[in-house]
Amino acid sequence: MAGVCALVAAAALVALVALLLRWRRADGDLTLLWAEWRGRRPENELPGKVVWVTGASSGIGEELAYQLARIGALLAISARREDELQRVKKKCLEISNLGDKDILVLPLDLTQRSSHEAATNSVLKHFGKIDVLINNGGRSQRSLFVDTNLDVFSAIMELNYLGTISLTKYVLNHMIQRRKGKIVTVSSVMGIMGAPLASGYCASKHALQGFFNSLRTELTDYPEISIINICPGPVQSKIIQNQLGEIAKQIPYGDQSHKMRTDRCVRLTLVSTANDLKEAWVSDNPYLAVCYLWQYAPTWAWWLMNKMGKRRIQNFKSGVVSVGPAPRSIPSLLTASLALGTAGL
Ligand SMILES: NC(=O)c1ccc[n+]([C@@H]2O[C@H](COP(=O)([O-])OP(=O)(O)OC[C@H]3O[C@@H](n4cnc5c(N)ncnc54)[C@H](OP(=O)(O)O)[C@@H]3O)[C@@H](O)[C@H]2O)c1
C-alpha cells in the first residue's frame, strides 16, 4: 500500500513539474492551451461563416481578416479608414480562395452610434446572416490621470465601451432571432488588472468585461449564443501610435520585439472562438503570470504592481523607454518587464 501511495505521489509530482515547465513557456491560460491542443479547430468551425471584424484596418483586426480569409470565412471588415480596409481586402483576396463578393468593406466609426443599425443591416443585406461579430476596434491611452483632461476619458469610454456595446446590441438582436451566434470582444489583460498611465483604458476594458460577463448571464435561454472575451497582453500592432493622451505622442516607441506576435495572438483568438471559451488570456510571461497572481493572489499582485508602477511612472516622466541594467532577481525581472511592456496593453 505504501508503495502504491509513493508511486501516485511521484506521478503527481512529475505531472506538476511538467505543468510548471510548460507554463513557463505558455502564451495563454491553461484552458486556452488545452483547447488549442485537444479542442475544436478554427479550420473546421469557421469556413463559410459570416464574420464581422471591427478595427480591421490595422494590427490585430487586420491579421484577423487574413487568418479568417485563409480559413474560408466570409468577411465584413470595418474601421474608419476605407482606403486601409481596401488594402486589407486586396491582400485577403490574394492569400485566399475568397471572391470579391465574399469580403464586404464597410467603413464604420464606432463612436457614431446612430450609424450602427444601418451598418448591421448592410452586412445582413449582403450576406443574409452574421455568425460571428468580433468587437476589436479600440484605442489605448498613456497619461497620468492628474494630467489628463476628462475629455480623454470620455472619448475612450465612448469608443471602447459604448461603441462596442452599441454595435453588439444590433447584432445580438439578429443572433437572438436565429438563436445562434458568437460575440467575441477583444478586451485586454487591462480588463482584469489595473496599471499606471492607463486608468481610462483600464476602466473601458473593465467596463467591457463587466458588461459581457453580465450579458452572458442574460442569455441562458440561448445556449448557442456565445459571449467570448479575449484578454491579450502586449501584442505587436499600431496601438501605441494610435493611443489617446497628448503626452504619449512625445515618446518614441518603435521596438515591439518584446511583445507577442500579432499572428500568434490572432491564432489563439480564433481557437478561443472555435471553442466558445468564455474568457481567454492571450499573453506571454511575465504578463501571464501577473494575470494568475491578480486572480489567485491579489495581495502579491498589488505589491508587484506598486513596484512596477513606480518604475513605469519614472520612465514615463523622464521619457525613458529602456528599463536600464539587466534585472537580477525574478521580482525585479517582472517589475522591469512590466514597466516596459504594459505600455501598449
Ligand atoms: N496591441 C496590444 O498590445 C493590445 C493588447 C490588449 C488589447 N488590445 C486591443 O486590441 C484591439 C485592437 O488594437 P490593436 O492593438 O490592433 O491596435 P491598432 O493597430 O491601433 O488597431 C486599432 C483598430 O481600431 C480601429 N479604430 C480606432 N478608432 C476607431 C473608431 N472610432 N471607429 C472604428 N474603428 C476604430 C482602427 O482603425 P481606424 O483608425 O481606421 O478607424 C484600427 O483598425 C483594441 O481593442 C485594443 O484595445 C491590444
# chains A, B, ... in the order shown; residues from 1 in each chain; ligands from 1

call {"tool": "select_by_dssp", "arguments": {"residues": "segment 5-204 of chain A", "states": "strand (DSSP E or B)", "output": "compact mmCIF listing (two decimals) with C-alpha atoms, in the first residue's frame"}}
result
# COMPACT_ATOMS: atom_id res chain seq x y z
CA VAL A 50 -20.00 35.23 -41.84
CA VAL A 51 -17.59 37.07 -39.56
CA TRP A 52 -17.75 40.83 -38.99
CA VAL A 53 -14.45 42.26 -37.71
CA THR A 54 -14.21 45.84 -36.41
CA LEU A 74 -16.86 35.27 -45.34
CA LEU A 75 -15.83 38.70 -44.12
CA ALA A 76 -17.28 42.08 -43.31
CA ILE A 77 -14.38 44.37 -42.37
CA SER A 78 -14.90 47.70 -40.64
CA ILE A 103 -15.49 40.36 -48.47
CA LEU A 104 -17.57 43.40 -47.66
CA VAL A 105 -15.67 46.61 -46.91
CA VAL A 132 -19.62 35.95 -35.55
CA LEU A 133 -19.08 39.57 -34.50
CA ILE A 134 -15.51 40.35 -33.46
CA ASN A 135 -15.51 43.58 -31.44
CA GLN A 141 -4.22 55.75 -23.58
CA GLY A 181 -24.02 33.27 -32.97
CA LYS A 182 -20.77 34.28 -31.32
CA ILE A 183 -19.83 37.68 -29.96
CA VAL A 184 -16.08 37.92 -29.49
CA THR A 185 -14.66 41.00 -27.79
CA VAL A 186 -11.00 41.89 -27.77

call {"tool": "residues_near_ligand", "arguments": {"ligand": "ligand 1", "cutoff": "6 Å", "atoms": "only C-alpha atoms and all ligand atoms", "output": "ChimeraX atom specification"}}
result
/A:55-61,79-81,108-111,136-140,159,186-188,232-239,242,344-345

call {"tool": "closest_residue", "arguments": {"among": "A:Ile130, A:Ala198, A:Ala289, A:Ala2", "to": "Arg312 of chain A", "atoms": "only C-alpha atoms"}}
result
A:Ala198

call {"tool": "residues_around", "arguments": {"residues": "segment 34-40 of chain A", "least_positions_apart": "6", "cutoff": "9 Å", "atoms": "only C-alpha atoms", "output": "PyMOL selection string"}}
result
chain A and resi 268+271-272+274-275+277

call {"tool": "closest_residue", "arguments": {"among": "A:Tyr170, A:Tyr66, A:Tyr222, A:Tyr161", "to": "His206 of chain A", "atoms": "only C-alpha atoms"}}
result
A:Tyr161

call {"tool": "residues_around", "arguments": {"residues": "Val88 of chain A", "least_positions_apart": "2", "cutoff": "8 Å", "atoms": "only C-alpha atoms", "output": "JSON, numbers by chain"}}
result
{"A": [56, 57, 62, 65, 66, 84, 85, 86, 90, 91, 92]}

call {"tool": "write_last_selection", "arguments": {"atoms": "N, CA and C atoms", "output": "PDB file, in the first residue's frame"}}
result
ATOM      1  N   ALA A  56     -10.498  46.529 -38.416  1.00  0.00           N
ATOM      2  CA  ALA A  56      -9.803  45.612 -39.324  1.00  0.00           C
ATOM      3  C   ALA A  56      -8.774  46.322 -40.206  1.00  0.00           C
ATOM      4  N   SER A  57      -8.550  47.613 -39.982  1.00  0.00           N
ATOM      5  CA  SER A  57      -7.632  48.334 -40.872  1.00  0.00           C
ATOM      6  C   SER A  57      -6.185  48.273 -40.409  1.00  0.00           C
ATOM      7  N   GLU A  62      -6.533  43.544 -38.553  1.00  0.00           N
ATOM      8  CA  GLU A  62      -6.044  43.264 -39.911  1.00  0.00           C
ATOM      9  C   GLU A  62      -5.610  41.797 -40.018  1.00  0.00           C
ATOM     10  N   ALA A  65      -8.448  39.425 -40.188  1.00  0.00           N
ATOM     11  CA  ALA A  65      -9.015  39.337 -41.545  1.00  0.00           C
ATOM     12  C   ALA A  65      -8.214  38.343 -42.385  1.00  0.00           C
ATOM     13  N   TYR A  66      -6.874  38.395 -42.298  1.00  0.00           N
ATOM     14  CA  TYR A  66      -6.048  37.498 -43.124  1.00  0.00           C
ATOM     15  C   TYR A  66      -6.249  36.032 -42.731  1.00  0.00           C
ATOM     16  N   GLU A  84      -7.541  51.941 -46.154  1.00  0.00           N
ATOM     17  CA  GLU A  84      -6.801  50.863 -45.473  1.00  0.00           C
ATOM     18  C   GLU A  84      -7.595  49.550 -45.524  1.00  0.00           C
ATOM     19  N   LEU A  85      -8.913  49.655 -45.406  1.00  0.00           N
ATOM     20  CA  LEU A  85      -9.748  48.447 -45.499  1.00  0.00           C
ATOM     21  C   LEU A  85      -9.655  47.844 -46.904  1.00  0.00           C
ATOM     22  N   GLN A  86      -9.591  48.708 -47.914  1.00  0.00           N
ATOM     23  CA  GLN A  86      -9.461  48.199 -49.296  1.00  0.00           C
ATOM     24  C   GLN A  86      -8.129  47.476 -49.465  1.00  0.00           C
ATOM     25  N   LYS A  90      -7.722  43.596 -50.469  1.00  0.00           N
ATOM     26  CA  LYS A  90      -6.900  43.179 -51.616  1.00  0.00           C
ATOM     27  C   LYS A  90      -5.978  42.026 -51.201  1.00  0.00           C
ATOM     28  N   LYS A  91      -5.347  42.205 -50.044  1.00  0.00           N
ATOM     29  CA  LYS A  91      -4.426  41.145 -49.585  1.00  0.00           C
ATOM     30  C   LYS A  91      -5.199  39.865 -49.231  1.00  0.00           C
ATOM     31  N   CYS A  92      -6.373  40.024 -48.619  1.00  0.00           N
ATOM     32  CA  CYS A  92      -7.191  38.838 -48.295  1.00  0.00           C
ATOM     33  C   CYS A  92      -7.488  38.047 -49.578  1.00  0.00           C
TER      34      CYS A  92
END

call {"tool": "select_by_dssp", "arguments": {"residues": "segment 36-250 of chain A", "states": "alpha helix (DSSP H)", "output": "PyMOL selection string"}}
result
chain A and resi 36-38+42-45+59-71+82-95+116-127+150-156+164-178+199-218

call {"tool": "residues_around", "arguments": {"residues": "Asp27 of chain A", "least_positions_apart": "2", "cutoff": "7 Å", "atoms": "only C-alpha atoms", "output": "NGL selection string"}}
result
:A and (25 or 282-285)

call {"tool": "write_last_selection", "arguments": {"atoms": "C-alpha atoms", "output": "compact mmCIF listing (two decimals), in the first residue's frame"}}
result
# COMPACT_ATOMS: atom_id res chain seq x y z
CA ARG A 25 6.74 28.92 -21.81
CA VAL A 282 -3.63 35.54 -24.59
CA SER A 283 -0.26 36.58 -23.29
CA ASP A 284 3.37 35.65 -22.85
CA ASN A 285 5.01 35.61 -19.45

call {"tool": "atom_distance", "arguments": {"atom1": "atom CA of Gly191 of chain A", "atom2": "atom CA of Ile230 of chain A"}}
result
9.6 Å

call {"tool": "atom_distance", "arguments": {"atom1": "atom CA of Ser226 of chain A", "atom2": "atom CA of Trp294 of chain A"}}
result
25.3 Å

call {"tool": "atom_distance", "arguments": {"atom1": "atom CA of Lys129 of chain A", "atom2": "atom CA of Val171 of chain A"}}
result
9.6 Å

call {"tool": "closest_residue", "arguments": {"among": "A:Leu124, A:Leu20, A:Ile165, A:Ala15", "to": "Leu106 of chain A", "atoms": "only C-alpha atoms"}}
result
A:Leu124
